[in-house]
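Here's model.cif, which has mmCIF, C-alpha atoms and all ligand atoms:
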```cif
data_data
#
loop_
_atom_site.label_atom_id
_atom_site.label_comp_id
_atom_site.auth_asym_id
_atom_site.auth_seq_id
_atom_site.Cartn_x
_atom_site.Cartn_y
_atom_site.Cartn_z
CA MET H 1 100.82 87.45 89.24
CA LYS H 2 104.36 88.38 90.29
CA LYS H 3 104.77 89.62 93.85
CA THR H 4 107.73 90.38 96.08
CA ILE H 5 107.36 89.43 99.73
CA ALA H 6 109.74 90.49 102.50
CA VAL H 7 110.08 87.56 104.92
CA LEU H 8 111.20 88.50 108.44
CA PRO H 9 111.42 85.29 110.53
CA GLY H 10 112.65 86.96 113.76
CA ASP H 11 113.41 84.92 116.86
CA GLY H 12 112.36 81.81 118.81
CA ILE H 13 109.66 79.92 116.90
CA GLY H 14 109.49 82.80 114.39
CA PRO H 15 111.76 81.06 111.83
CA GLU H 16 109.93 77.71 112.24
CA VAL H 17 106.45 79.10 111.64
CA THR H 18 107.59 81.49 108.91
CA ASP H 19 109.27 78.63 107.08
CA ALA H 20 105.97 76.73 107.26
CA ALA H 21 104.08 79.70 105.78
CA VAL H 22 106.68 80.02 103.02
CA GLN H 23 106.24 76.34 102.08
CA VAL H 24 102.52 76.93 101.77
CA LEU H 25 103.08 80.05 99.64
CA GLN H 26 105.42 78.09 97.37
CA SER H 27 102.76 75.45 96.90
CA ILE H 28 100.18 78.13 96.06
CA ALA H 29 102.59 79.76 93.59
CA MET H 30 103.11 76.46 91.75
CA ARG H 31 99.48 75.55 91.69
CA TYR H 32 98.09 78.91 90.57
CA GLY H 33 100.99 80.01 88.36
CA HIS H 34 102.14 82.93 90.50
CA THR H 35 105.71 84.04 91.14
CA PHE H 36 106.48 84.99 94.72
CA HIS H 37 109.92 86.54 95.02
CA LEU H 38 110.92 86.15 98.68
CA LYS H 39 113.44 88.51 100.32
CA HIS H 40 114.55 87.29 103.73
CA ALA H 41 115.76 89.90 106.23
CA LEU H 42 116.55 90.20 109.93
CA ILE H 43 114.41 91.73 112.67
CA GLY H 44 114.36 91.58 116.46
CA GLY H 45 117.01 89.79 118.52
CA SER H 46 118.67 88.16 115.52
CA ALA H 47 119.12 91.63 114.00
CA VAL H 48 120.50 92.99 117.30
CA ASP H 49 123.07 90.18 117.27
CA ALA H 50 124.09 90.78 113.66
CA HIS H 51 123.78 94.57 113.37
CA ASN H 52 123.28 95.94 116.88
CA ASN H 53 119.92 97.23 115.66
CA PRO H 54 116.52 95.44 115.99
CA LEU H 55 115.37 97.00 112.70
CA PRO H 56 118.39 97.44 110.41
CA ASP H 57 118.28 99.75 107.39
CA GLU H 58 118.72 96.73 105.09
CA THR H 59 115.51 95.26 106.48
CA ILE H 60 113.57 98.49 105.93
CA ALA H 61 114.96 98.65 102.38
CA ALA H 62 113.90 95.04 101.67
CA CYS H 63 110.39 95.79 102.95
CA GLU H 64 110.14 99.03 100.98
CA ALA H 65 111.03 97.11 97.83
CA SER H 66 108.32 94.50 98.52
CA ASP H 67 104.57 94.24 97.98
CA ALA H 68 103.92 92.87 101.48
CA ILE H 69 105.74 91.70 104.60
CA LEU H 70 105.46 88.32 106.32
CA LEU H 71 106.76 88.29 109.89
CA GLY H 72 107.30 85.52 112.45
CA ALA H 73 107.85 86.82 115.98
CA VAL H 74 110.56 88.56 117.98
CA GLY H 75 112.00 88.37 121.48
CA GLY H 76 113.63 86.07 123.96
CA SER H 77 115.29 86.09 127.36
CA LYS H 78 118.73 86.44 125.76
CA TRP H 79 117.93 90.13 125.12
CA ASP H 80 115.84 90.82 128.25
CA GLN H 81 118.52 92.95 129.91
CA ASN H 82 119.19 95.04 126.78
CA PRO H 83 118.39 98.76 126.94
CA GLY H 84 115.06 99.74 125.33
CA HIS H 85 116.46 100.62 121.90
CA LEU H 86 118.20 97.22 121.67
CA ARG H 87 115.20 95.14 122.70
CA PRO H 88 113.88 92.83 119.94
CA GLU H 89 110.35 94.13 120.50
CA LYS H 90 111.55 97.62 119.55
CA GLY H 91 112.17 96.31 116.02
CA LEU H 92 108.54 95.25 115.74
CA LEU H 93 107.21 98.53 117.12
CA ASN H 94 109.50 100.48 114.80
CA ILE H 95 108.53 98.60 111.65
CA ARG H 96 104.83 99.13 112.40
CA LYS H 97 105.49 102.85 112.91
CA HIS H 98 107.80 103.20 109.91
CA PHE H 99 105.20 101.81 107.54
CA ASP H 100 102.28 103.52 109.33
CA LEU H 101 100.53 100.17 109.82
CA PHE H 102 97.89 101.62 112.10
CA ALA H 103 95.24 98.91 111.80
CA ASN H 104 95.84 95.48 113.25
CA ILE H 105 93.06 93.16 112.14
CA ARG H 106 92.71 89.97 114.16
CA PRO H 107 89.85 87.74 113.00
CA LEU H 108 88.57 85.11 115.35
CA LYS H 109 86.27 82.39 114.16
CA ALA H 110 85.18 79.09 115.62
CA ILE H 111 87.17 76.21 114.18
CA PRO H 112 84.80 73.24 113.97
CA ALA H 113 87.57 70.66 114.44
CA LEU H 114 88.82 72.35 117.61
CA LEU H 115 85.65 73.00 119.56
CA GLY H 116 86.79 70.45 122.12
CA SER H 117 89.95 72.48 122.78
CA SER H 118 88.04 75.66 123.61
CA PRO H 119 87.49 76.49 127.27
CA LEU H 120 83.97 77.59 126.32
CA LYS H 121 80.94 75.34 126.11
CA GLU H 122 80.73 73.84 122.64
CA GLU H 123 77.37 75.48 121.86
CA VAL H 124 78.90 78.89 122.63
CA ALA H 125 82.32 78.32 121.03
CA LYS H 126 80.85 77.12 117.74
CA GLU H 127 79.08 80.43 117.11
CA VAL H 128 82.04 82.74 117.69
CA ASP H 129 82.78 84.92 114.68
CA MET H 130 84.36 88.29 115.41
CA VAL H 131 87.16 90.61 114.38
CA ILE H 132 89.34 92.57 116.76
CA VAL H 133 90.50 95.85 115.20
CA ARG H 134 93.42 97.10 117.27
CA GLU H 135 95.07 100.50 116.89
CA LEU H 136 98.73 99.68 116.31
CA THR H 137 100.95 102.75 115.99
CA SER H 138 100.10 104.88 119.00
CA GLY H 139 99.10 104.65 122.65
CA LEU H 140 101.13 103.48 125.58
CA TYR H 141 103.74 101.55 123.57
CA PHE H 142 104.80 104.72 121.71
CA GLY H 143 103.97 107.70 123.96
CA GLU H 144 106.76 109.99 125.16
CA PRO H 145 108.18 110.46 127.72
CA LYS H 146 109.08 106.87 128.36
CA ARG H 147 111.84 106.48 130.89
CA ARG H 148 113.15 104.55 133.83
CA THR H 149 115.02 105.63 136.93
CA GLU H 150 115.90 103.39 139.82
CA LYS H 151 112.82 104.48 141.74
CA ALA H 152 110.27 104.99 138.99
CA GLY H 153 109.17 103.95 135.53
CA VAL H 154 107.28 106.30 133.22
CA ASP H 155 105.14 105.46 130.19
CA THR H 156 102.85 107.93 128.49
CA LEU H 157 99.43 107.31 126.97
CA VAL H 158 98.54 109.76 124.19
CA TYR H 159 95.92 109.50 121.45
CA THR H 160 95.09 112.24 119.00
CA ARG H 161 91.68 112.71 117.42
CA ASP H 162 93.08 111.83 113.96
CA GLU H 163 94.60 108.58 115.19
CA ILE H 164 91.30 107.52 116.72
CA GLU H 165 89.22 108.58 113.71
CA ARG H 166 91.11 106.47 111.22
CA ILE H 167 91.01 103.24 113.24
CA VAL H 168 87.37 103.73 114.16
CA ASP H 169 86.50 104.32 110.48
CA GLN H 170 88.34 101.12 109.60
CA ALA H 171 86.22 99.24 112.14
CA PHE H 172 83.01 100.73 110.77
CA GLU H 173 83.99 99.72 107.22
CA ILE H 174 84.75 96.15 108.32
CA ALA H 175 81.45 95.97 110.24
CA ARG H 176 79.57 97.03 107.10
CA GLY H 177 80.82 93.92 105.34
CA ARG H 178 79.80 91.72 108.27
CA ARG H 179 76.92 91.76 110.76
CA GLY H 180 76.97 95.56 111.13
CA LYS H 181 77.89 95.91 114.79
CA VAL H 182 80.85 97.72 116.36
CA THR H 183 81.77 97.37 120.02
CA SER H 184 84.19 100.10 121.03
CA VAL H 185 86.25 99.10 124.05
CA ASP H 186 87.80 101.74 126.32
CA LYS H 187 88.30 102.80 129.93
CA ALA H 188 86.33 106.04 129.66
CA ASN H 189 85.43 106.00 133.36
CA VAL H 190 89.09 106.73 134.16
CA LEU H 191 91.28 107.65 131.16
CA GLU H 192 91.26 110.95 129.24
CA THR H 193 92.38 109.16 126.08
CA SER H 194 89.36 106.87 126.43
CA LYS H 195 86.98 109.80 126.91
CA LEU H 196 88.27 111.27 123.65
CA TRP H 197 88.05 107.81 122.04
CA ARG H 198 84.38 107.50 123.02
CA GLU H 199 83.62 111.02 121.76
CA VAL H 200 85.19 110.26 118.39
CA VAL H 201 83.24 107.01 118.04
CA GLU H 202 80.04 108.94 118.73
CA GLU H 203 80.96 111.52 116.06
CA ARG H 204 81.96 108.98 113.43
CA LYS H 205 78.89 106.81 113.87
CA ALA H 206 76.82 109.53 112.14
CA PHE H 207 78.61 108.54 108.91
CA TYR H 208 77.66 104.88 109.32
CA PRO H 209 73.93 104.91 110.17
CA ASP H 210 73.68 101.27 109.07
CA VAL H 211 76.09 100.14 111.81
CA GLU H 212 75.02 99.52 115.38
CA VAL H 213 77.46 100.87 117.99
CA GLU H 214 77.99 99.99 121.61
CA HIS H 215 80.60 101.10 124.12
CA MET H 216 82.09 98.72 126.64
CA LEU H 217 84.65 99.21 129.39
CA VAL H 218 87.72 97.07 128.89
CA ASP H 219 87.39 95.16 132.17
CA SER H 220 83.88 94.02 131.41
CA ALA H 221 84.87 93.33 127.79
CA ALA H 222 87.53 90.94 129.10
CA MET H 223 84.82 89.16 131.08
CA LYS H 224 82.34 89.10 128.20
CA LEU H 225 84.96 87.59 125.88
CA ILE H 226 85.08 84.40 127.87
CA THR H 227 81.46 84.28 128.99
CA ASP H 228 79.67 85.08 125.74
CA PRO H 229 81.85 86.22 122.83
CA ARG H 230 78.90 85.67 120.51
CA ALA H 231 77.91 89.22 121.53
CA PHE H 232 80.77 90.64 119.43
CA ASP H 233 80.97 91.29 115.72
CA VAL H 234 83.72 93.93 115.31
CA MET H 235 85.58 95.07 118.42
CA VAL H 236 87.66 98.23 118.04
CA THR H 237 90.10 99.30 120.68
CA GLU H 238 93.40 101.00 121.44
CA ASN H 239 96.82 99.42 121.19
CA MET H 240 97.41 97.86 124.61
CA PHE H 241 93.81 96.81 125.27
CA GLY H 242 93.74 95.13 121.85
CA ASP H 243 97.04 93.39 122.52
CA ILE H 244 95.76 91.88 125.75
CA LEU H 245 92.21 91.10 124.66
CA SER H 246 93.32 89.34 121.48
CA ASP H 247 95.57 86.90 123.36
CA GLU H 248 92.66 86.22 125.70
CA ALA H 249 90.29 85.76 122.76
CA SER H 250 92.68 83.41 120.97
CA VAL H 251 92.03 80.57 123.39
CA ILE H 252 88.40 80.49 122.30
CA THR H 253 89.62 78.99 119.03
CA GLY H 254 91.67 76.42 120.92
CA SER H 255 95.12 77.99 121.03
CA LEU H 256 97.12 81.18 120.65
CA GLY H 257 98.87 79.30 117.86
CA MET H 258 95.73 79.51 115.69
CA LEU H 259 95.26 83.28 115.48
CA PRO H 260 96.52 85.19 112.41
CA SER H 261 96.67 88.94 111.93
CA ALA H 262 97.12 91.67 109.35
CA SER H 263 98.74 94.99 110.19
CA VAL H 264 97.73 97.33 107.40
CA ARG H 265 97.52 100.91 106.27
CA SER H 266 94.90 102.55 104.05
CA ASP H 267 96.53 101.76 100.67
CA GLY H 268 96.47 97.99 101.26
CA PHE H 269 100.16 97.59 102.05
CA GLY H 270 100.51 95.28 105.02
CA LEU H 271 102.59 93.24 107.38
CA TYR H 272 101.16 89.82 108.18
CA GLU H 273 102.02 88.21 111.47
CA PRO H 274 100.72 85.58 113.87
CA VAL H 275 99.26 87.03 117.08
CA HIS H 276 101.58 84.94 119.25
CA GLY H 277 105.13 85.74 120.32
CA SER H 278 108.43 83.90 119.92
CA ALA H 279 107.48 81.15 122.43
CA PRO H 280 111.02 80.58 123.76
CA ASP H 281 109.76 77.64 125.85
CA ILE H 282 109.21 75.53 122.72
CA ALA H 283 111.60 77.20 120.25
CA GLY H 284 113.80 74.89 118.17
CA GLN H 285 111.83 71.80 119.18
CA ASN H 286 109.69 71.40 116.05
CA LYS H 287 106.60 71.74 118.26
CA ALA H 288 105.20 75.14 117.32
CA ASN H 289 101.76 75.39 115.80
CA PRO H 290 102.35 77.00 112.37
CA SER H 291 98.64 77.62 111.72
CA ALA H 292 98.63 81.28 112.79
CA ALA H 293 101.56 82.06 110.48
CA ILE H 294 100.06 80.06 107.59
CA LEU H 295 96.68 81.76 108.04
CA SER H 296 98.46 85.14 108.20
CA ALA H 297 99.97 84.35 104.79
CA ALA H 298 96.42 83.64 103.58
CA MET H 299 95.36 87.06 104.88
CA MET H 300 98.25 88.57 102.92
CA LEU H 301 97.06 86.97 99.70
CA ARG H 302 93.53 88.21 100.27
CA TYR H 303 94.12 91.75 101.56
CA SER H 304 97.32 92.84 99.80
CA PHE H 305 97.15 90.83 96.56
CA GLY H 306 93.40 90.30 96.07
CA MET H 307 93.96 86.52 95.72
CA HIS H 308 90.71 85.41 97.31
CA THR H 309 90.57 81.88 95.89
CA GLU H 310 94.15 81.16 96.90
CA ALA H 311 93.58 82.51 100.42
CA ALA H 312 90.46 80.38 100.83
CA ALA H 313 92.36 77.32 99.57
CA ILE H 314 94.96 77.78 102.33
CA GLU H 315 92.31 78.26 105.01
CA GLU H 316 90.43 75.19 103.82
CA ALA H 317 93.61 73.12 103.76
CA VAL H 318 94.46 74.01 107.38
CA MET H 319 90.90 73.22 108.46
CA SER H 320 90.99 69.88 106.60
CA VAL H 321 94.21 68.79 108.28
CA LEU H 322 92.67 69.59 111.66
CA GLU H 323 89.46 67.78 110.65
CA ASP H 324 91.57 64.78 109.68
CA GLY H 325 92.71 64.65 113.31
CA TYR H 326 96.22 66.12 113.13
CA CYS H 327 97.37 68.89 115.43
CA THR H 328 100.42 70.28 117.20
CA GLY H 329 101.06 69.85 120.93
CA ASP H 330 99.29 73.05 122.01
CA LEU H 331 96.03 71.36 120.91
CA SER H 332 96.70 67.90 122.26
CA ASP H 333 93.66 67.89 124.54
CA ALA H 334 91.46 67.77 121.45
CA GLY H 335 92.07 64.02 121.33
CA LYS H 336 93.95 64.26 118.06
CA GLN H 337 97.21 62.91 116.78
CA VAL H 338 99.98 65.28 117.84
CA VAL H 339 102.48 65.89 115.06
CA SER H 340 105.53 68.10 114.66
CA THR H 341 105.51 71.54 113.02
CA GLU H 342 107.14 70.04 109.92
CA ARG H 343 104.67 67.17 109.69
CA PHE H 344 101.74 69.52 110.12
CA VAL H 345 102.87 71.79 107.30
CA THR H 346 103.58 68.80 105.06
CA LYS H 347 99.98 67.71 105.63
CA VAL H 348 98.72 71.20 104.73
CA VAL H 349 100.79 71.24 101.53
CA GLU H 350 99.59 67.72 100.62
CA GLU H 351 96.04 68.90 101.16
CA LEU H 352 96.60 71.91 98.87
CA GLU H 353 98.05 69.67 96.20
CA ARG H 354 95.31 67.06 96.50
CA GLU H 355 92.10 68.98 96.70
CA LEU H 356 90.59 71.00 93.92
CA VAL H 357 89.39 74.27 95.32
CA SER H 358 85.77 73.97 96.18
CA GLU H 359 83.54 76.55 94.51
CA HIS H 360 81.67 76.70 97.75
CA ILE H 361 83.96 78.24 100.33
CA MET H 362 83.35 76.42 103.56
CA TYR H 363 85.69 78.39 105.73
CA SER H 364 86.92 81.89 105.22
CA TYR H 365 88.10 84.73 107.40
CA VAL H 366 86.32 88.08 107.10
N1 LIG H 401 104.55 89.65 117.74
C1 LIG H 401 105.62 89.34 118.45
O1 LIG H 401 106.71 89.22 117.93
C2 LIG H 401 105.45 89.12 119.89
C3 LIG H 401 106.56 88.90 120.64
N2 LIG H 401 106.45 88.59 121.96
C4 LIG H 401 107.70 88.26 122.64
O2 LIG H 401 107.81 86.83 122.67
C5 LIG H 401 108.54 86.44 123.83
C6 LIG H 401 107.77 85.37 124.60
O3 LIG H 401 106.58 85.96 125.10
P1 LIG H 401 105.43 85.13 125.82
O4 LIG H 401 104.81 86.04 126.79
O5 LIG H 401 105.94 83.83 126.28
O6 LIG H 401 104.31 84.93 124.70
P2 LIG H 401 104.23 83.86 123.53
O7 LIG H 401 103.07 84.23 122.69
O8 LIG H 401 105.54 83.74 122.84
O9 LIG H 401 103.93 82.46 124.26
C7 LIG H 401 102.88 82.29 125.21
C8 LIG H 401 102.58 80.80 125.37
O10 LIG H 401 101.93 80.33 124.21
C9 LIG H 401 102.67 79.30 123.59
N3 LIG H 401 102.66 79.54 122.14
C10 LIG H 401 102.75 80.71 121.50
N4 LIG H 401 102.71 80.54 120.19
C11 LIG H 401 102.60 79.22 119.97
C12 LIG H 401 102.53 78.41 118.80
N5 LIG H 401 102.56 78.95 117.56
N6 LIG H 401 102.42 77.08 118.95
C13 LIG H 401 102.38 76.53 120.17
N7 LIG H 401 102.44 77.23 121.31
C14 LIG H 401 102.56 78.57 121.21
C15 LIG H 401 104.09 79.40 124.14
O11 LIG H 401 104.75 78.17 124.09
C16 LIG H 401 103.84 79.95 125.53
O12 LIG H 401 103.57 78.89 126.40
C17 LIG H 401 108.80 87.72 124.62
O13 LIG H 401 110.10 88.14 124.33
C18 LIG H 401 107.77 88.69 124.09
O14 LIG H 401 108.15 90.03 124.19
C19 LIG H 401 105.24 88.44 122.57
C20 LIG H 401 104.09 88.66 121.86
C21 LIG H 401 104.10 89.06 120.47
C1 LIG H 402 105.94 93.96 121.02
C2 LIG H 402 104.53 93.63 121.41
C3 LIG H 402 103.67 94.83 121.43
C4 LIG H 402 104.03 92.58 120.50
C5 LIG H 402 102.68 92.04 120.85
O1 LIG H 402 102.45 91.49 121.90
C6 LIG H 402 101.64 92.11 119.84
O2 LIG H 402 101.72 92.90 118.91
O3 LIG H 402 100.65 91.38 119.97
MG MG H 403 100.53 90.51 121.91
#
```

Spit out the file's structure as structure tokens when you get a sec.
Ligand SMILES: NC(=O)C1=CN([C@@H]2O[C@H](COP(=O)(O)OP(=O)(O)OC[C@H]3O[C@@H](n4cnc5c(N)ncnc54)[C@H](O)[C@@H]3O)[C@@H](O)[C@H]2O)C=CC1
Ligand SMILES: CC(C)CC(=O)C(=O)O
Ligand SMILES: [Mg+2]
Amino acid sequence: MKKTIAVLPGDGIGPEVTDAAVQVLQSIAMRYGHTFHLKHALIGGSAVDAHNNPLPDETIAACEASDAILLGAVGGSKWDQNPGHLRPEKGLLNIRKHFDLFANIRPLKAIPALLGSSPLKEEVAKEVDMVIVRELTSGLYFGEPKRRTEKAGVDTLVYTRDEIERIVDQAFEIARGRRGKVTSVDKANVLETSKLWREVVEERKAFYPDVEVEHMLVDSAAMKLITDPRAFDVMVTENMFGDILSDEASVITGSLGMLPSASVRSDGFGLYEPVHGSAPDIAGQNKANPSAAILSAAMMLRYSFGMHTEAAAIEEAVMSVLEDGYCTGDLSDAGKQVVSTERFVTKVVEELERELVSEHIMYSYV
């Protein structure tokens, strides 16, 4: 297959982890006879520096001419004092909106080699297998008015019925292919948007009689995530709640550096990005965990290109390297050998080149 991929490294550790994912994609291309044409473009702070725009037209054009987008992360203190429209994060919000990538899918599955790094008891951590489905193009991050005076800051939370319906339907569809349970997370005891959200979930569940539905308030969902996340199969929630809960959930797998994500729209076009940010505290030090970015590339192969075997090969390779006792510094308490980002990705590529793909897929997301 021939595919064009827009690669947007961004800021901080973004370029390091994106480069790792690209190395893995190149190895997959060689091994399976694919051609991946990579178009690198700027986003975030690096784009502000070069073009005074966190999402330049050239970047949009490169993405529009591609079959999928692979993104690192944006942001850093260098741009913290910039006005809103020149903040790196604005580039990320704008690209999600521009391409109508309303569904952010964040799978979370126990990683056998990292059970010791989870804050949960091993017998709980080992059974975790859930997907967070986060609405991505509306809610508090986009609502207008949004403004700041010296004495006040204003953000606006708006959700329309249509916006809720399409993300809830996406969650129901995903649940159908899994254990058939949707937990809808809201704050319906306080927020009007959440009351509407809950109403829409109740309406849509009639179309999915095979799926069990429960409602949970976001504060107790946050508690449940770290006491017994085995209770969740598919969690669907609005933009900000999903943002916060998925970072919290990531530590169950051992580290924020392990969690991949897909930001997709209905026709399969998607942007694939690690859940973590630009990690300025470790940027440029060859310390970042590239797993989330590599596993995001695997999600891209599976969801946007239908390359299931190739995606599973990547996931297996990452798991094997961890099983062999190698990890990056964020996982050092697992009693493993801490290696650099570059060394870790070299190990993953070696694994891909060494192993024949097992017919029996031992580890696979969703
Ligand atoms: N998708 C994106 O581009 C996102 C961007 N951000 C931006 O990133 C910047 C930093 O934000 P933070 O709140 O510090 O969140 P962060 O996710 O960048 O980092 C939080 C902590 O996790 C660690 N960490 C994150 N990813 C890691 C990895 N792959 N390997 C090892 N350790 C990792 C960091 O070193 C840090 O201690 C801010 O400008 C923020 O706006 C934050 C979240 C998402
Ligand atoms: C710009 C932020 C909304 C990015 C973020 O934290 C995320 O998408 O997880
Ligand atoms: Mg986040």

CA of Glu350 in chain H to CA of Arg106 in chain H, straight-line distance in Å: 26.9 Å

From H:Thr341, H:Thr156, H:Ser220, H:Ser117, residue lying nearest Leu191 in chain H [only C-alpha atoms]: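 Checking each of H:Thr341, H:Thr156, H:Ser220, H:Ser117 against Leu191 in chain H, counting only C-alpha atoms, the winner is H:Thr156.
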
7 Å from ligand MG 403 (chain H) is the threshold here; counting all atoms listed in the file, which polymer residues fall inside it? Answer as a PDB file with C-alpha atoms, in the coordinates of the input.
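Contents of selection03.pdb, as written:
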```pdb
ATOM      1  CA  ASP H 243      97.040  93.390 122.520  1.00  0.00           C
ATOM      2  CA  ILE H 244      95.760  91.880 125.750  1.00  0.00           C
ATOM      3  CA  ASP H 247      95.570  86.900 123.360  1.00  0.00           C
ATOM      4  CA  VAL H 275      99.260  87.030 117.080  1.00  0.00           C
ATOM      5  CA  HIS H 276     101.580  84.940 119.250  1.00  0.00           C
ATOM      6  CA  GLY H 277     105.130  85.740 120.320  1.00  0.00           C
TER       7      GLY H 277
END
```

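Separating CA of Gly153 in chain H from CA of Pro83 in chain H is a distance of 13.6 Å.
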
Neighbourhood of ligand LIG 402 (chain H) at 9 Å, counting only C-alpha atoms and all ligand atoms, reported as a list in words: Ala73, Val74, Gly75, Pro88, Glu89, Lys90, Gly91, Leu92, Leu93, Asn104, Leu136, Tyr141, Asn239, Met240, Gly242, Asp243, Ile244, Ser246, Asp247, Glu273, Pro274, Val275, His276 and Gly277 of chain H

Mind writing the picked residues with C-alpha atoms as a PDB file, in the coordinates of the input?
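Just written: part08.pdb:
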```
ATOM      1  CA  ALA H  73     107.850  86.820 115.980  1.00  0.00           C
ATOM      2  CA  VAL H  74     110.560  88.560 117.980  1.00  0.00           C
ATOM      3  CA  GLY H  75     112.000  88.370 121.480  1.00  0.00           C
ATOM      4  CA  PRO H  88     113.880  92.830 119.940  1.00  0.00           C
ATOM      5  CA  GLU H  89     110.350  94.130 120.500  1.00  0.00           C
ATOM      6  CA  LYS H  90     111.550  97.620 119.550  1.00  0.00           C
ATOM      7  CA  GLY H  91     112.170  96.310 116.020  1.00  0.00           C
ATOM      8  CA  LEU H  92     108.540  95.250 115.740  1.00  0.00           C
ATOM      9  CA  LEU H  93     107.210  98.530 117.120  1.00  0.00           C
ATOM     10  CA  ASN H 104      95.840  95.480 113.250  1.00  0.00           C
ATOM     11  CA  LEU H 136      98.730  99.680 116.310  1.00  0.00           C
ATOM     12  CA  TYR H 141     103.740 101.550 123.570  1.00  0.00           C
ATOM     13  CA  ASN H 239      96.820  99.420 121.190  1.00  0.00           C
ATOM     14  CA  MET H 240      97.410  97.860 124.610  1.00  0.00           C
ATOM     15  CA  GLY H 242      93.740  95.130 121.850  1.00  0.00           C
ATOM     16  CA  ASP H 243      97.040  93.390 122.520  1.00  0.00           C
ATOM     17  CA  ILE H 244      95.760  91.880 125.750  1.00  0.00           C
ATOM     18  CA  SER H 246      93.320  89.340 121.480  1.00  0.00           C
ATOM     19  CA  ASP H 247      95.570  86.900 123.360  1.00  0.00           C
ATOM     20  CA  GLU H 273     102.020  88.210 111.470  1.00  0.00           C
ATOM     21  CA  PRO H 274     100.720  85.580 113.870  1.00  0.00           C
ATOM     22  CA  VAL H 275      99.260  87.030 117.080  1.00  0.00           C
ATOM     23  CA  HIS H 276     101.580  84.940 119.250  1.00  0.00           C
ATOM     24  CA  GLY H 277     105.130  85.740 120.320  1.00  0.00           C
TER      25      GLY H 277
END
```

Starting from the sparse input, extend range 183-197 of chain H to N, CA and C atoms and give the output as a PDB file, in the coordinates of the input.
```pdb
ATOM      1  N   THR H 183      81.642  97.176 118.583  1.00  0.00           N
ATOM      2  CA  THR H 183      81.770  97.370 120.020  1.00  0.00           C
ATOM      3  C   THR H 183      83.081  98.105 120.255  1.00  0.00           C
ATOM      4  N   SER H 184      82.982  99.319 120.763  1.00  0.00           N
ATOM      5  CA  SER H 184      84.190 100.100 121.030  1.00  0.00           C
ATOM      6  C   SER H 184      84.571  99.886 122.496  1.00  0.00           C
ATOM      7  N   VAL H 185      85.809  99.459 122.698  1.00  0.00           N
ATOM      8  CA  VAL H 185      86.250  99.100 124.050  1.00  0.00           C
ATOM      9  C   VAL H 185      87.230 100.161 124.566  1.00  0.00           C
ATOM     10  N   ASP H 186      86.960 100.675 125.764  1.00  0.00           N
ATOM     11  CA  ASP H 186      87.800 101.740 126.320  1.00  0.00           C
ATOM     12  C   ASP H 186      87.794 101.668 127.840  1.00  0.00           C
ATOM     13  N   LYS H 187      88.350 102.680 128.460  1.00  0.00           N
ATOM     14  CA  LYS H 187      88.300 102.800 129.930  1.00  0.00           C
ATOM     15  C   LYS H 187      87.898 104.254 130.218  1.00  0.00           C
ATOM     16  N   ALA H 188      86.739 104.642 129.639  1.00  0.00           N
ATOM     17  CA  ALA H 188      86.330 106.040 129.660  1.00  0.00           C
ATOM     18  C   ALA H 188      85.894 106.522 131.046  1.00  0.00           C
ATOM     19  N   ASN H 189      85.752 105.579 131.987  1.00  0.00           N
ATOM     20  CA  ASN H 189      85.430 106.000 133.360  1.00  0.00           C
ATOM     21  C   ASN H 189      86.671 106.510 134.100  1.00  0.00           C
ATOM     22  N   VAL H 190      87.852 106.347 133.482  1.00  0.00           N
ATOM     23  CA  VAL H 190      89.090 106.730 134.160  1.00  0.00           C
ATOM     24  C   VAL H 190      90.052 107.520 133.264  1.00  0.00           C
ATOM     25  N   LEU H 191      90.202 107.107 131.999  1.00  0.00           N
ATOM     26  CA  LEU H 191      91.280 107.650 131.160  1.00  0.00           C
ATOM     27  C   LEU H 191      90.797 108.769 130.230  1.00  0.00           C
ATOM     28  N   GLU H 192      91.587 109.841 130.152  1.00  0.00           N
ATOM     29  CA  GLU H 192      91.260 110.950 129.240  1.00  0.00           C
ATOM     30  C   GLU H 192      91.292 110.486 127.791  1.00  0.00           C
ATOM     31  N   THR H 193      92.292 109.654 127.458  1.00  0.00           N
ATOM     32  CA  THR H 193      92.380 109.160 126.080  1.00  0.00           C
ATOM     33  C   THR H 193      91.108 108.382 125.727  1.00  0.00           C
ATOM     34  N   SER H 194      90.569 107.651 126.684  1.00  0.00           N
ATOM     35  CA  SER H 194      89.360 106.870 126.430  1.00  0.00           C
ATOM     36  C   SER H 194      88.130 107.764 126.291  1.00  0.00           C
ATOM     37  N   LYS H 195      88.122 108.867 127.051  1.00  0.00           N
ATOM     38  CA  LYS H 195      86.980 109.800 126.910  1.00  0.00           C
ATOM     39  C   LYS H 195      86.969 110.384 125.510  1.00  0.00           C
ATOM     40  N   LEU H 196      88.168 110.750 125.026  1.00  0.00           N
ATOM     41  CA  LEU H 196      88.270 111.270 123.650  1.00  0.00           C
ATOM     42  C   LEU H 196      87.874 110.170 122.659  1.00  0.00           C
ATOM     43  N   TRP H 197      88.349 108.961 122.911  1.00  0.00           N
ATOM     44  CA  TRP H 197      88.050 107.810 122.040  1.00  0.00           C
ATOM     45  C   TRP H 197      86.534 107.663 121.891  1.00  0.00           C
TER      46      TRP H 197
END
```
